[in-house]
Each structure stands twice: as C-alpha cells, then as structure tokens.
>>> print(open('target_31.cif').read())   # mmCIF, C-alpha atoms
data_run
loop_
_atom_site.label_atom_id
_atom_site.label_comp_id
_atom_site.auth_asym_id
_atom_site.auth_seq_id
_atom_site.Cartn_x
_atom_site.Cartn_y
_atom_site.Cartn_z
CA MET A 1 237.05 150.20 210.85
CA HIS A 2 234.72 147.30 210.17
CA GLU A 3 232.03 149.57 211.60
CA MET A 4 231.83 151.02 208.09
CA SER A 5 230.88 147.60 206.64
CA LEU A 6 228.48 147.03 209.51
CA CYS A 7 226.75 150.33 208.73
CA GLU A 8 226.55 149.33 205.07
CA SER A 9 224.81 146.14 206.21
CA VAL A 10 222.44 148.22 208.33
CA LEU A 11 221.62 150.40 205.33
CA LYS A 12 221.02 147.31 203.20
CA CYS A 13 218.57 145.99 205.83
CA LEU A 14 216.82 149.37 205.90
CA GLN A 15 216.47 149.37 202.13
CA GLU A 16 215.03 145.85 202.15
CA SER A 17 212.63 146.70 204.98
CA ALA A 18 211.54 149.85 203.13
CA LYS A 19 210.38 147.69 200.23
CA ALA A 20 208.78 145.03 202.41
CA GLN A 21 207.10 147.37 204.88
CA ASN A 22 206.40 150.21 202.52
CA PHE A 23 208.11 153.23 204.00
CA LYS A 24 210.07 155.97 202.33
CA GLN A 25 212.19 157.44 205.03
CA VAL A 26 213.87 156.35 208.22
CA LYS A 27 213.83 158.83 211.10
CA THR A 28 215.40 156.79 213.89
CA VAL A 29 217.27 153.49 214.06
CA TRP A 30 217.65 151.53 217.31
CA LEU A 31 220.61 149.17 217.39
CA GLU A 32 221.45 146.68 220.10
CA ILE A 33 225.21 146.41 220.50
CA GLY A 34 226.76 144.06 223.04
CA ALA A 35 229.88 144.98 225.01
CA LEU A 36 231.68 141.91 223.58
CA SER A 37 230.64 142.39 219.95
CA GLY A 38 233.88 144.09 218.95
CA VAL A 39 232.01 147.21 217.86
CA GLU A 40 233.33 150.63 218.74
CA ILE A 41 230.22 152.71 219.39
CA GLU A 42 231.74 156.05 218.43
CA ALA A 43 233.12 154.60 215.17
CA MET A 44 229.64 153.20 214.51
CA ARG A 45 228.05 156.64 214.93
CA PHE A 46 230.63 158.24 212.68
CA SER A 47 230.30 155.55 209.98
CA PHE A 48 226.51 155.57 210.13
CA GLU A 49 226.35 159.25 209.34
CA VAL A 50 228.69 158.83 206.37
CA VAL A 51 227.08 155.65 205.01
CA VAL A 52 223.45 156.81 205.10
CA LYS A 53 224.16 160.15 203.45
CA ASP A 54 221.90 160.65 200.41
CA SER A 55 219.95 157.49 201.25
CA LEU A 56 216.53 156.84 202.74
CA ALA A 57 218.11 157.26 206.17
CA ASP A 58 219.95 160.52 205.50
CA GLY A 59 219.98 162.46 208.77
CA ALA A 60 218.36 159.60 210.72
CA LYS A 61 218.98 159.49 214.46
CA LEU A 62 221.01 156.52 215.66
CA GLU A 63 220.01 155.21 219.09
CA ILE A 64 222.31 152.57 220.51
CA ILE A 65 221.17 150.22 223.24
CA GLU A 66 224.34 148.89 224.88
CA LEU A 67 224.05 145.41 226.35
CA PRO A 68 226.46 144.17 229.03
CA GLY A 69 228.84 141.26 228.54
CA GLN A 70 227.65 138.19 230.44
CA ALA A 71 229.37 134.97 231.28
CA TRP A 72 228.72 131.81 233.25
CA CYS A 73 231.35 131.25 235.93
CA MET A 74 231.96 127.52 236.37
CA LYS A 75 233.39 127.95 239.85
CA CYS A 76 230.64 130.21 241.23
CA SER A 77 227.90 128.50 239.17
CA GLU A 78 226.30 131.80 238.36
CA THR A 79 226.05 134.45 235.67
CA VAL A 80 228.42 137.37 236.08
CA THR A 81 228.92 140.61 234.18
CA ILE A 82 232.21 141.11 232.35
CA GLU A 83 233.54 143.97 230.26
CA GLN A 84 236.08 142.11 228.12
CA ARG A 85 236.46 138.56 226.93
CA PHE A 86 239.59 138.07 229.01
CA ASP A 87 238.15 139.39 232.27
CA ALA A 88 238.33 137.19 235.33
CA CYS A 89 235.18 136.40 237.29
CA PRO A 90 234.49 139.51 239.42
CA ASN A 91 233.50 137.25 242.35
CA CYS A 92 236.18 134.55 242.50
CA GLY A 93 238.90 135.63 240.04
CA SER A 94 238.63 132.44 237.96
CA TYR A 95 239.11 132.53 234.18
CA GLN A 96 236.81 129.56 233.69
CA LEU A 97 234.09 131.66 232.16
CA GLN A 98 231.76 130.82 229.32
CA VAL A 99 230.46 133.93 227.55
CA THR A 100 226.67 133.78 227.44
CA GLY A 101 225.67 137.23 226.23
CA GLY A 102 226.89 140.58 225.04
CA ASP A 103 227.99 139.76 221.50
CA GLU A 104 224.76 141.04 219.93
CA MET A 105 224.71 143.29 216.86
CA LYS A 106 221.10 143.77 216.01
CA ILE A 107 218.75 146.25 214.40
CA LYS A 108 215.93 146.35 216.90
CA GLU A 109 213.42 148.91 215.78
CA LEU A 110 212.89 151.76 213.34
CA GLU A 111 210.87 154.94 213.31
CA VAL A 112 209.85 155.46 209.71
CA GLU A 113 207.50 157.39 207.50
CA MET B 114 225.82 149.06 198.93
CA CYS B 115 224.64 147.43 195.76
CA THR B 116 221.11 146.07 195.99
CA VAL B 117 221.45 144.04 192.79
CA CYS B 118 223.75 141.35 194.12
CA GLY B 119 224.59 142.61 197.59
CA CYS B 120 228.14 143.78 196.85
CA SER B 121 229.14 145.51 200.04
CA GLU B 122 232.38 147.13 198.94
CA GLY B 123 232.37 149.48 195.98
CA GLU B 124 236.12 149.18 195.67
CA THR B 125 236.43 145.43 195.85
CA ARG B 126 238.27 143.93 192.92
CA ILE B 127 238.41 140.24 192.31
CA GLU B 128 241.01 139.19 189.76
CA GLY B 129 239.51 137.74 186.61
CA HIS B 130 236.03 138.31 187.94
CA GLN B 131 234.06 140.12 185.27
CA HIS B 132 231.05 141.02 187.34
CA ALA B 133 230.88 144.80 187.19
CA HIS B 134 231.33 146.17 190.65
CA GLN B 135 230.77 149.73 189.57
CA HIS B 136 227.02 149.86 189.61
CA PRO B 137 226.14 153.24 188.13
CA ASN B 138 223.48 154.09 190.68
CA GLU B 139 225.36 152.77 193.67
CA GLN B 140 225.18 156.00 195.59
CA THR B 141 221.57 156.73 194.74
CA HIS B 142 219.54 153.91 196.22
CA ASP B 143 217.16 156.34 197.78
CA TYR B 144 213.67 155.08 198.27
CA GLY B 145 212.59 158.50 199.49
CA ALA B 146 213.62 160.36 196.35
CA GLY B 147 210.69 159.56 194.03
CA PRO B 148 207.42 161.46 193.62
CA ALA B 149 205.91 159.63 196.61
CA HIS B 150 208.35 161.49 198.83
CA ALA B 151 205.93 164.42 198.93
CA HIS B 152 204.10 164.34 202.23
CA ALA B 153 200.43 165.07 202.50
CA PRO B 154 200.19 168.35 204.43
CA GLY B 155 199.17 168.00 208.04
CA LEU B 156 199.59 164.26 208.10
CA SER B 157 202.42 162.66 210.00
CA GLN B 158 203.24 159.30 208.57
CA ALA B 159 205.73 158.37 211.26
CA ARG B 160 205.35 154.88 212.63
CA MET B 161 207.45 152.29 214.40
CA VAL B 162 208.71 149.16 212.72
CA GLN B 163 210.12 146.25 214.73
CA ILE B 164 212.66 144.44 212.63
CA GLU B 165 214.98 142.47 214.96
CA GLN B 166 217.58 141.74 212.32
CA ASP B 167 221.17 140.76 212.83
CA ILE B 168 223.45 143.38 211.33
CA LEU B 169 225.65 140.61 210.01
CA GLY B 170 222.67 138.57 208.82
CA LYS B 171 223.42 139.14 205.14
CA ASN B 172 227.07 138.23 205.50
CA ASN B 173 226.11 135.14 207.45
CA GLU B 174 223.80 134.04 204.65
CA TYR B 175 226.63 134.30 202.14
CA ALA B 176 228.91 132.45 204.56
CA ALA B 177 226.34 129.67 205.01
CA THR B 178 226.11 129.28 201.23
CA ASN B 179 229.90 129.04 200.99
CA ARG B 180 230.00 126.53 203.85
CA ARG B 181 227.40 124.34 202.13
CA TRP B 182 229.37 124.60 198.88
CA PHE B 183 232.57 123.45 200.63
CA SER B 184 230.82 120.67 202.46
CA GLU B 185 229.20 119.26 199.30
CA ARG B 186 232.63 119.06 197.68
CA GLY B 187 234.64 117.80 200.64
CA ILE B 188 236.74 120.98 200.55
CA LEU B 189 238.50 122.09 203.74
CA ALA B 190 238.53 125.91 203.88
CA LEU B 191 240.88 127.57 206.35
CA ASN B 192 240.74 131.31 207.05
CA LEU B 193 244.23 132.53 207.96
CA VAL B 194 244.20 135.73 210.00
CA SER B 195 246.98 137.78 211.58
CA SER B 196 248.40 141.25 211.85
CA PRO B 197 250.51 142.44 208.89
CA GLY B 198 254.02 140.99 208.93
CA SER B 199 253.37 137.85 210.99
CA GLY B 200 254.85 135.70 208.23
CA LYS B 201 251.53 134.42 206.92
CA THR B 202 252.49 134.35 203.25
CA THR B 203 255.88 132.75 204.03
CA LEU B 204 254.13 130.08 206.10
CA LEU B 205 251.68 129.54 203.28
CA THR B 206 254.28 129.24 200.50
CA ARG B 207 256.30 126.76 202.54
CA THR B 208 253.16 124.78 203.40
CA ILE B 209 252.21 124.61 199.74
CA GLN B 210 255.68 123.48 198.66
CA ASP B 211 255.62 120.71 201.25
CA LEU B 212 252.01 119.53 200.83
CA LYS B 213 251.15 120.05 197.18
CA SER B 214 252.13 116.51 196.22
CA ASP B 215 249.81 115.06 198.90
CA LEU B 216 246.79 117.37 198.71
CA GLY B 217 244.95 119.51 196.16
CA LEU B 218 245.56 123.12 197.21
CA SER B 219 244.38 126.57 196.21
CA VAL B 220 244.48 130.03 197.74
CA ILE B 221 242.31 133.13 197.96
CA GLU B 222 244.54 136.09 198.81
CA GLY B 223 242.97 139.12 200.45
CA ASP B 224 244.78 142.44 200.55
CA GLN B 225 243.72 146.04 200.28
CA GLN B 226 245.93 146.60 197.22
CA THR B 227 248.43 144.80 194.91
CA THR B 228 248.53 141.25 193.60
CA ASN B 229 252.01 140.64 195.09
CA ASP B 230 250.94 137.84 197.42
CA ALA B 231 248.93 135.93 194.82
CA GLU B 232 251.97 136.10 192.53
CA ARG B 233 254.17 134.67 195.31
CA ILE B 234 251.71 131.83 195.73
CA ARG B 235 251.40 131.14 191.99
CA LYS B 236 255.18 130.68 191.80
CA THR B 237 254.66 127.54 193.88
CA GLY B 238 252.50 126.15 191.08
CA VAL B 239 249.08 126.19 192.79
CA LYS B 240 246.02 128.21 191.83
CA ALA B 241 245.71 131.54 193.61
CA LEU B 242 243.26 134.39 193.22
CA GLN B 243 243.79 137.87 194.59
CA VAL B 244 240.87 139.79 196.03
CA ASN B 245 241.60 143.47 196.61
CA THR B 246 239.28 144.95 199.17
CA GLY B 247 240.13 148.58 198.34
CA LYS B 248 239.45 150.54 201.50
CA GLY B 249 237.80 147.50 203.11
CA CYS B 250 239.70 146.02 206.02
CA HIS B 251 238.56 142.39 205.76
CA LEU B 252 237.14 139.80 203.38
CA ASP B 253 233.44 139.05 203.65
CA GLY B 254 231.28 136.08 202.73
CA HIS B 255 230.11 137.65 199.49
CA MET B 256 233.64 138.36 198.18
CA VAL B 257 234.67 134.79 198.91
CA GLY B 258 231.57 133.44 197.16
CA HIS B 259 232.44 135.36 193.99
CA ALA B 260 236.10 134.36 194.27
CA LEU B 261 235.07 130.68 194.39
CA GLU B 262 233.29 131.02 191.04
CA THR B 263 236.52 132.13 189.39
CA LEU B 264 239.02 130.07 191.35
CA ALA B 265 236.98 126.84 191.20
CA PRO B 266 238.93 124.82 193.80
CA GLU B 267 238.85 121.11 193.03
CA ASP B 268 236.77 118.63 195.04
CA ASN B 269 238.36 117.22 198.22
CA SER B 270 241.06 119.90 198.18
CA VAL B 271 242.26 122.35 200.81
CA LEU B 272 241.49 126.04 200.27
CA PHE B 273 243.53 128.59 202.19
CA ILE B 274 241.92 132.00 202.51
CA GLU B 275 244.58 134.50 203.47
CA ASN B 276 242.63 137.35 205.01
CA VAL B 277 243.70 140.99 205.05
CA GLY B 278 246.42 141.55 207.68
CA ASN B 279 244.31 142.87 210.53
CA LEU B 280 243.63 141.40 213.96
CA VAL B 281 240.37 143.28 214.48
CA CYS B 282 237.82 143.35 211.68
CA PRO B 283 238.15 139.86 210.11
CA ALA B 284 237.08 138.37 213.46
CA ALA B 285 233.51 139.49 212.91
CA PHE B 286 233.04 138.19 209.37
CA ASP B 287 232.29 134.53 208.81
CA LEU B 288 233.45 133.45 205.35
CA GLY B 289 232.05 129.92 205.57
CA GLU B 290 235.44 128.48 206.53
CA ALA B 291 235.86 125.40 208.72
CA HIS B 292 238.37 127.10 211.02
CA LYS B 293 240.00 130.44 211.59
CA VAL B 294 243.73 129.99 212.13
CA VAL B 295 245.42 132.94 213.81
CA ILE B 296 249.12 133.42 213.17
CA LEU B 297 251.07 135.36 215.77
CA SER B 298 254.80 135.94 215.46
CA VAL B 299 257.02 136.07 218.53
CA THR B 300 258.28 139.53 217.52
CA GLU B 301 254.86 141.00 218.22
CA GLY B 302 254.73 140.73 222.02
CA GLU B 303 253.07 138.11 224.18
CA ASP B 304 250.04 140.20 225.08
CA LYS B 305 248.53 140.34 221.59
CA PRO B 306 245.78 137.84 222.56
CA LEU B 307 244.64 140.25 225.28
CA LYS B 308 244.94 143.29 223.04
CA TYR B 309 242.86 141.68 220.28
CA PRO B 310 240.69 139.21 222.19
CA ASP B 311 237.94 138.87 219.58
CA MET B 312 240.28 137.36 217.02
CA PHE B 313 241.84 134.88 219.43
CA HIS B 314 238.39 133.98 220.63
CA ALA B 315 237.18 133.33 217.07
CA ALA B 316 240.17 131.17 216.09
CA ASP B 317 240.45 127.41 216.72
CA LEU B 318 244.20 127.26 216.20
CA MET B 319 247.00 129.68 217.03
CA ILE B 320 250.29 129.31 215.20
CA LEU B 321 253.12 130.93 217.08
CA ASN B 322 255.50 131.73 214.22
CA LYS B 323 259.17 132.81 213.98
CA ILE B 324 260.22 130.75 217.02
CA ASP B 325 263.76 130.68 215.54
CA LEU B 326 264.02 134.30 216.77
CA LEU B 327 263.24 133.47 220.41
CA PRO B 328 266.92 133.54 221.53
CA TYR B 329 267.09 137.21 220.54
CA LEU B 330 263.85 138.33 222.13
CA ALA B 331 262.34 138.74 225.57
CA PHE B 332 259.18 136.92 224.50
CA ASP B 333 257.48 134.79 227.16
CA THR B 334 255.92 131.89 225.25
CA ASP B 335 254.08 130.39 228.23
CA GLU B 336 252.57 133.71 229.14
CA CYS B 337 251.43 134.24 225.54
CA ILE B 338 249.71 130.84 225.49
CA ASN B 339 248.10 131.57 228.87
CA TYR B 340 246.73 134.85 227.54
CA ALA B 341 245.35 133.11 224.45
CA ARG B 342 243.65 130.45 226.61
CA ARG B 343 242.22 133.18 228.83
CA VAL B 344 240.16 134.48 225.89
CA ASN B 345 239.63 131.06 224.35
CA PRO B 346 240.12 128.05 226.65
CA GLY B 347 239.77 125.64 223.71
CA ILE B 348 242.38 127.16 221.39
CA LYS B 349 245.08 124.80 220.10
CA VAL B 350 248.61 126.18 219.88
CA LEU B 351 251.45 125.14 217.58
CA GLN B 352 254.94 126.64 217.77
CA VAL B 353 256.66 126.85 214.40
CA SER B 354 259.24 128.63 212.32
CA ALA B 355 258.16 128.97 208.70
CA THR B 356 261.74 129.98 207.86
CA THR B 357 263.67 127.07 209.41
CA GLY B 358 260.84 124.53 209.34
CA GLU B 359 261.06 123.87 213.08
CA GLY B 360 257.76 122.50 214.42
CA ILE B 361 256.09 122.80 211.04
CA SER B 362 255.30 119.09 210.74
CA SER B 363 252.71 119.48 213.53
CA TRP B 364 250.96 122.10 211.38
CA TYR B 365 250.92 119.68 208.45
CA GLN B 366 249.52 116.94 210.67
CA TRP B 367 246.80 119.29 211.82
CA ILE B 368 245.89 120.18 208.22
CA LYS B 369 245.81 116.52 207.17
CA ALA B 370 243.73 115.43 210.16
CA THR B 371 241.30 118.31 209.68
CA HIS B 372 241.12 117.56 205.97
CA GLN B 373 240.24 113.95 206.79
CA LEU B 374 237.43 115.21 209.00
CA ALA B 375 236.11 117.33 206.12
CA GLN B 376 235.97 114.19 203.96
CA ILE B 377 233.68 112.44 206.42
CA GLY B 378 231.50 115.49 206.83
CA GLY B 379 233.08 116.46 210.14
#
>>> encode(input="target_31.cif", output="structure tokens")
Amino acid sequence: MHEMSLCESVLKCLQESAKAQNFKQVKTVWLEIGALSGVEIEAMRFSFEVVVKDSLADGAKLEIIELPGQAWCMKCSETVTIEQRFDACPNCGSYQLQVTGGDEMKIKELEVE
Amino acid sequence: MCTVCGCSEGETRIEGHQHAHQHPNEQTHDYGAGPAHAHAPGLSQARMVQIEQDILGKNNEYAATNRRWFSERGILALNLVSSPGSGKTTLLTRTIQDLKSDLGLSVIEGDQQTTNDAERIRKTGVKALQVNTGKGCHLDGHMVGHALETLAPEDNSVLFIENVGNLVCPAAFDLGEAHKVVILSVTEGEDKPLKYPDMFHAADLMILNKIDLLPYLAFDTDECINYARRVNPGIKVLQVSATTGEGISSWYQWIKATHQLAQIGG
C-alpha cells in the first residue's frame, strides 16, 4: 500500500501550492499515472479519500489520466506499447525492449478556489 | 503529513532520534479552515492551476541530499530489499562477521515494528539503528536522512540499509543508495521476478539465497534468472547460501569492488 504514502506526497504538494498560488480549497486533482509506475489506481483512489480528509482537499475529485507503457524494441526498431515490464514485443516476441514511457507519477493540474 | 520538516509517516520511530514526530497539529493542516474560507456570495473563485509536479518529487529531493552526503564521504550505501523471510538479516550478519575487519560497516534496519533485527546486528559489534515505519510499508528518503544524523556512519565505510520486507513498495522510493540489491530465496518460487517486476527492474544485483536447499526443491534456477533478465536485462546474479557460505565470496568481491568505485567517485 505505498499508494498511501504517494497520496500523502500529493497532499503535501497541494499544501505547498496553496501557499504559493494562494488558494484555499482544491476541488479537482488531475494525476498522470503510467501503466508501469507500480501504482494501483483503485488503491490510489481509496487512499486519496482517506488522506485528504479534513484537509484543503477534503472531498476533492480525483481524475486519473492513465498513460500506456511504452518501450523501444531493438529488433523492430520501433516504439511499441506494453502492459507490463516483462512483456515481449507485441510484433516480434523479443524481450529486448527498453522501456521509454509509462512510469510517470505526476500531479498535472488542479481546479482550486 | 508534517509541513514543518516533511515527515511523511506519523508513526515512524527512529531509535535514539529525539525529533518529535508527533506534531500536535498534524491532522489539521487545513488552509481552507481560517476566516478567509468564507466565500463572497455570488462569486465563484474556481480556477485551474497547472502544477506538473512529480508525486515522488519530495522523496527524490531527500534522496538526492542523502546521495550527495554519501558521495562527499566516500560511503557506499546499499539498499537491501526482499520479501519477508528471504534470509536478508542472516546474510547481513554473516557478511558483517566476515568483512568487519576489512571495511567500516554500519546498518540501518527498517521494519514495521520491533528492534529485533538491529539487536541481531549489534551482536556482531557494528553500529546499527532501527527505524520502525509503523504502518508504513517501506523506508523513504526522509527517514534515512534522519537516521544518518543519529547513526553517523564513518567516512569511506559501507552502509547497509535493510529495507522493510516487501517486494512492492520499496521499489518506488529512492533512498539515495548506490544500488538496490534484491535478495530472493530459492524457497520462494522462480517466478517472483515476474510477479514483482518493479523491484527486479529497480535492482542492480539479485542474490539468489538458500541454494543449499536446492536438492530438496523443484526450483528452476535458470528459469528464475531468465525471468529476472526479462524485466531487467542488466541485472547481475549471484547464487549464495548465507547459512553454509557457499558462493558468498562472490558477494564479498562485489561489495569490495563497488566500494572501491565509491572511493573514486564512481
């Protein structure tokens, strides 16, 4: 359940942004979560609700933008989409893949007031 | 989370660390609770804020500070990760017994509860500090930073950080270590690298432990190594038994070579 710590980090960022950007309440949070980031989306939703309770984001809506896992296949010389780190290339079956995207964990945007 | 020093775990306890982790207002950091919370009638203040921040940004800052601290002192920090029961503490106590005359050594022990492991380590005569994470399932950069203040590992030494037994969460948290070393015992099944790919991807070295038990098990070593390389083509693999000492000299060679690299800023 490291999603709980991740949500605590999100809350910390929200609190710092609230000071810097002068807002009092967060209505919506957009997170970008990559398929290879090791984050369980449902656990994230559950933890978020618990962690932000009685904070400036109490009751805030959590919008998650899921990004696909991407890798460079050395044999095909092209970017392919994968769902897990151990997936084979969907085109040629090779395991010579270099992950190039999909491990993001980012706070993208907020709706605040 | 505490906004005074960034403590992320209310239940974290670091032995001998006097910094009060019970901040009285921990649960009430509410910037919307003051008088300014009252909205002007008829006015919507909603607006969009682009922030583009890494969720782990704060942890990574702490980790970077730790890494700089290690590098300035020529300290090699190794983050040992595994599931519970892989033989991590046994491997560590044996390693310490065998290397303590050659190298300065110290240990940060992470567990949810108890100081049992730190006490096992201290019996070997080296400095060890227990960090209890409470309900937390991993160490983070901030806990390690505080632990360093108390433990004060000597210059040019090797610091082992024994993470909480968990093959999932510690993968995501950089502690500022030079390498993650994943310990997998042959009693756990050869497909662990596929079941927990993030950890095997994050590690630079896999120690396959308890190989003295192989005659009694249907464990396919080659297949296990293939699975590990599938998620991390660059991972190095050593096969050892911390109980009998078989293969363990290769682990010591690896530590010494890596320690040498740390001395030249590698």
>>> resolve_selection(input="target_31.cif", expression="the PyMOL selection byres ((chain B and resi 206-209) around 8)", output="VMD selection string")
chain B and resid 202 to 205 210 to 213 218 233 to 234 237 239 355 365
>>> axis_aligned_box(input="target_31.cif", around="stretch 15-33 of chain A", padding_each_side="4 Å", output="lines of an AutoDock Vina configuration file")
center_x = 215.8
center_y = 151.9
center_z = 210.4
size_x = 26.8
size_y = 21.8
size_z = 28.3
>>> atom_distance(input="target_31.cif", atom1="atom CA of A:Thr100", atom2="atom CA of A:Glu42")
24.6 Å
>>> interface_residues(input="target_31.cif", of="chain A", to="chain B", cutoff="7 Å", atoms="all atoms listed in the file", output="list in words")
Met1, His2, Leu6, Glu8, Ser9, Val10, Lys12, Lys24, Gln25, Gly38, Asp54, Ser55, Leu56, Arg85, Phe86, Tyr95, Met105, Lys106, Ile107, Lys108, Glu109, Leu110, Glu111, Val112 and Glu113 of chain A
>>> write_last_selection(input="target_31.cif", atoms="C-alpha atoms", output="mmCIF file, in the coordinates of the input")
data_model
loop_
_atom_site.group_PDB
_atom_site.id
_atom_site.type_symbol
_atom_site.label_atom_id
_atom_site.label_comp_id
_atom_site.auth_asym_id
_atom_site.auth_seq_id
_atom_site.Cartn_x
_atom_site.Cartn_y
_atom_site.Cartn_z
ATOM 1 C CA MET A 1 237.050 150.200 210.850
ATOM 2 C CA HIS A 2 234.720 147.300 210.170
ATOM 3 C CA LEU A 6 228.480 147.030 209.510
ATOM 4 C CA GLU A 8 226.550 149.330 205.070
ATOM 5 C CA SER A 9 224.810 146.140 206.210
ATOM 6 C CA VAL A 10 222.440 148.220 208.330
ATOM 7 C CA LYS A 12 221.020 147.310 203.200
ATOM 8 C CA LYS A 24 210.070 155.970 202.330
ATOM 9 C CA GLN A 25 212.190 157.440 205.030
ATOM 10 C CA GLY A 38 233.880 144.090 218.950
ATOM 11 C CA ASP A 54 221.900 160.650 200.410
ATOM 12 C CA SER A 55 219.950 157.490 201.250
ATOM 13 C CA LEU A 56 216.530 156.840 202.740
ATOM 14 C CA ARG A 85 236.460 138.560 226.930
ATOM 15 C CA PHE A 86 239.590 138.070 229.010
ATOM 16 C CA TYR A 95 239.110 132.530 234.180
ATOM 17 C CA MET A 105 224.710 143.290 216.860
ATOM 18 C CA LYS A 106 221.100 143.770 216.010
ATOM 19 C CA ILE A 107 218.750 146.250 214.400
ATOM 20 C CA LYS A 108 215.930 146.350 216.900
ATOM 21 C CA GLU A 109 213.420 148.910 215.780
ATOM 22 C CA LEU A 110 212.890 151.760 213.340
ATOM 23 C CA GLU A 111 210.870 154.940 213.310
ATOM 24 C CA VAL A 112 209.850 155.460 209.710
ATOM 25 C CA GLU A 113 207.500 157.390 207.500
#
>>> resolve_selection(input="target_31.cif", expression="the PyMOL selection byres ((chain A and resi 73-84) around 10)", output="MDAnalysis selection string")
(chainID A and resid 34:38 68:72 85:102) or (chainID B and resid 307 310:311 344)
>>> closest_residue(input="target_31.cif", among="B:His372, B:Lys201, B:Arg181, B:His255", to="B:Leu321", atoms="all atoms listed in the file")
B:Lys201
>>> resolve_selection(input="target_31.cif", expression="the PyMOL selection byres ((chain B and resi 334) around 10)", output="number ranges by chain")
B: 299, 302-303, 321, 324, 327, 331-333, 335-340, 352
>>> atom_distance(input="target_31.cif", atom1="atom CA of B:Glu174", atom2="atom CA of B:Gly347")
26.2 Å
>>> residues_near_point(input="target_31.cif", point="(227.6, 155.3, 209.8)", cutoff="10 Å", atoms="all atoms listed in the file", output="mmCIF file with C-alpha atoms, in the frame of the given file")
data_model
loop_
_atom_site.group_PDB
_atom_site.id
_atom_site.type_symbol
_atom_site.label_atom_id
_atom_site.label_comp_id
_atom_site.auth_asym_id
_atom_site.auth_seq_id
_atom_site.Cartn_x
_atom_site.Cartn_y
_atom_site.Cartn_z
ATOM 1 C CA GLU A 3 232.030 149.570 211.600
ATOM 2 C CA MET A 4 231.830 151.020 208.090
ATOM 3 C CA SER A 5 230.880 147.600 206.640
ATOM 4 C CA LEU A 6 228.480 147.030 209.510
ATOM 5 C CA CYS A 7 226.750 150.330 208.730
ATOM 6 C CA GLU A 8 226.550 149.330 205.070
ATOM 7 C CA VAL A 10 222.440 148.220 208.330
ATOM 8 C CA LEU A 11 221.620 150.400 205.330
ATOM 9 C CA GLU A 42 231.740 156.050 218.430
ATOM 10 C CA ALA A 43 233.120 154.600 215.170
ATOM 11 C CA MET A 44 229.640 153.200 214.510
ATOM 12 C CA ARG A 45 228.050 156.640 214.930
ATOM 13 C CA PHE A 46 230.630 158.240 212.680
ATOM 14 C CA SER A 47 230.300 155.550 209.980
ATOM 15 C CA PHE A 48 226.510 155.570 210.130
ATOM 16 C CA GLU A 49 226.350 159.250 209.340
ATOM 17 C CA VAL A 50 228.690 158.830 206.370
ATOM 18 C CA VAL A 51 227.080 155.650 205.010
ATOM 19 C CA VAL A 52 223.450 156.810 205.100
ATOM 20 C CA LYS A 53 224.160 160.150 203.450
ATOM 21 C CA LEU A 62 221.010 156.520 215.660
#
>>> atom_distance(input="target_31.cif", atom1="atom CA of B:Asn322", atom2="atom CA of B:Gly278")
14.9 Å
>>> residues_around(input="target_31.cif", residues="B:Leu374", least_positions_apart="5", cutoff="12 Å", atoms="all atoms listed in the file", output="list in words")
Ser184, Gly187, Ile188, Leu189, Ala190, Asn269, Val271, Ala291, Trp367, Ile368, Lys369 and Gly379 of chain B
>>> residues_near_point(input="target_31.cif", point="(249.5, 122.9, 213.2)", cutoff="10 Å", atoms="only C-alpha atoms", output="PyMOL selection string")
chain B and resi 294+318-321+349-353+360-370
>>> write_last_selection(input="target_31.cif", atoms="C-alpha atoms", output="CSV table (one decimal), keeping the file's coordinate frame")
chain,number,residue,atom,x,y,z
B,294,VAL,CA,243.7,130.0,212.1
B,318,LEU,CA,244.2,127.3,216.2
B,319,MET,CA,247.0,129.7,217.0
B,320,ILE,CA,250.3,129.3,215.2
B,321,LEU,CA,253.1,130.9,217.1
B,349,LYS,CA,245.1,124.8,220.1
B,350,VAL,CA,248.6,126.2,219.9
B,351,LEU,CA,251.4,125.1,217.6
B,352,GLN,CA,254.9,126.6,217.8
B,353,VAL,CA,256.7,126.8,214.4
B,360,GLY,CA,257.8,122.5,214.4
B,361,ILE,CA,256.1,122.8,211.0
B,362,SER,CA,255.3,119.1,210.7
B,363,SER,CA,252.7,119.5,213.5
B,364,TRP,CA,251.0,122.1,211.4
B,365,TYR,CA,250.9,119.7,208.4
B,366,GLN,CA,249.5,116.9,210.7
B,367,TRP,CA,246.8,119.3,211.8
B,368,ILE,CA,245.9,120.2,208.2
B,369,LYS,CA,245.8,116.5,207.2
B,370,ALA,CA,243.7,115.4,210.2
>>> residues_around(input="target_31.cif", residues="B:Ala177", least_positions_apart="6", cutoff="9 Å", atoms="all atoms listed in the file", output="PyMOL selection string")
chain B and resi 254+287-289
>>> residues_around(input="target_31.cif", residues="B:Asn179", least_positions_apart="3", cutoff="7 Å", atoms="all atoms listed in the file", output="compact mmCIF listing (two decimals) with C-alpha atoms, in the frame of the given file")
# COMPACT_ATOMS: atom_id res chain seq x y z
CA TYR B 175 226.63 134.30 202.14
CA ALA B 176 228.91 132.45 204.56
CA TRP B 182 229.37 124.60 198.88
CA PHE B 183 232.57 123.45 200.63
CA GLY B 258 231.57 133.44 197.16
CA GLY B 289 232.05 129.92 205.57
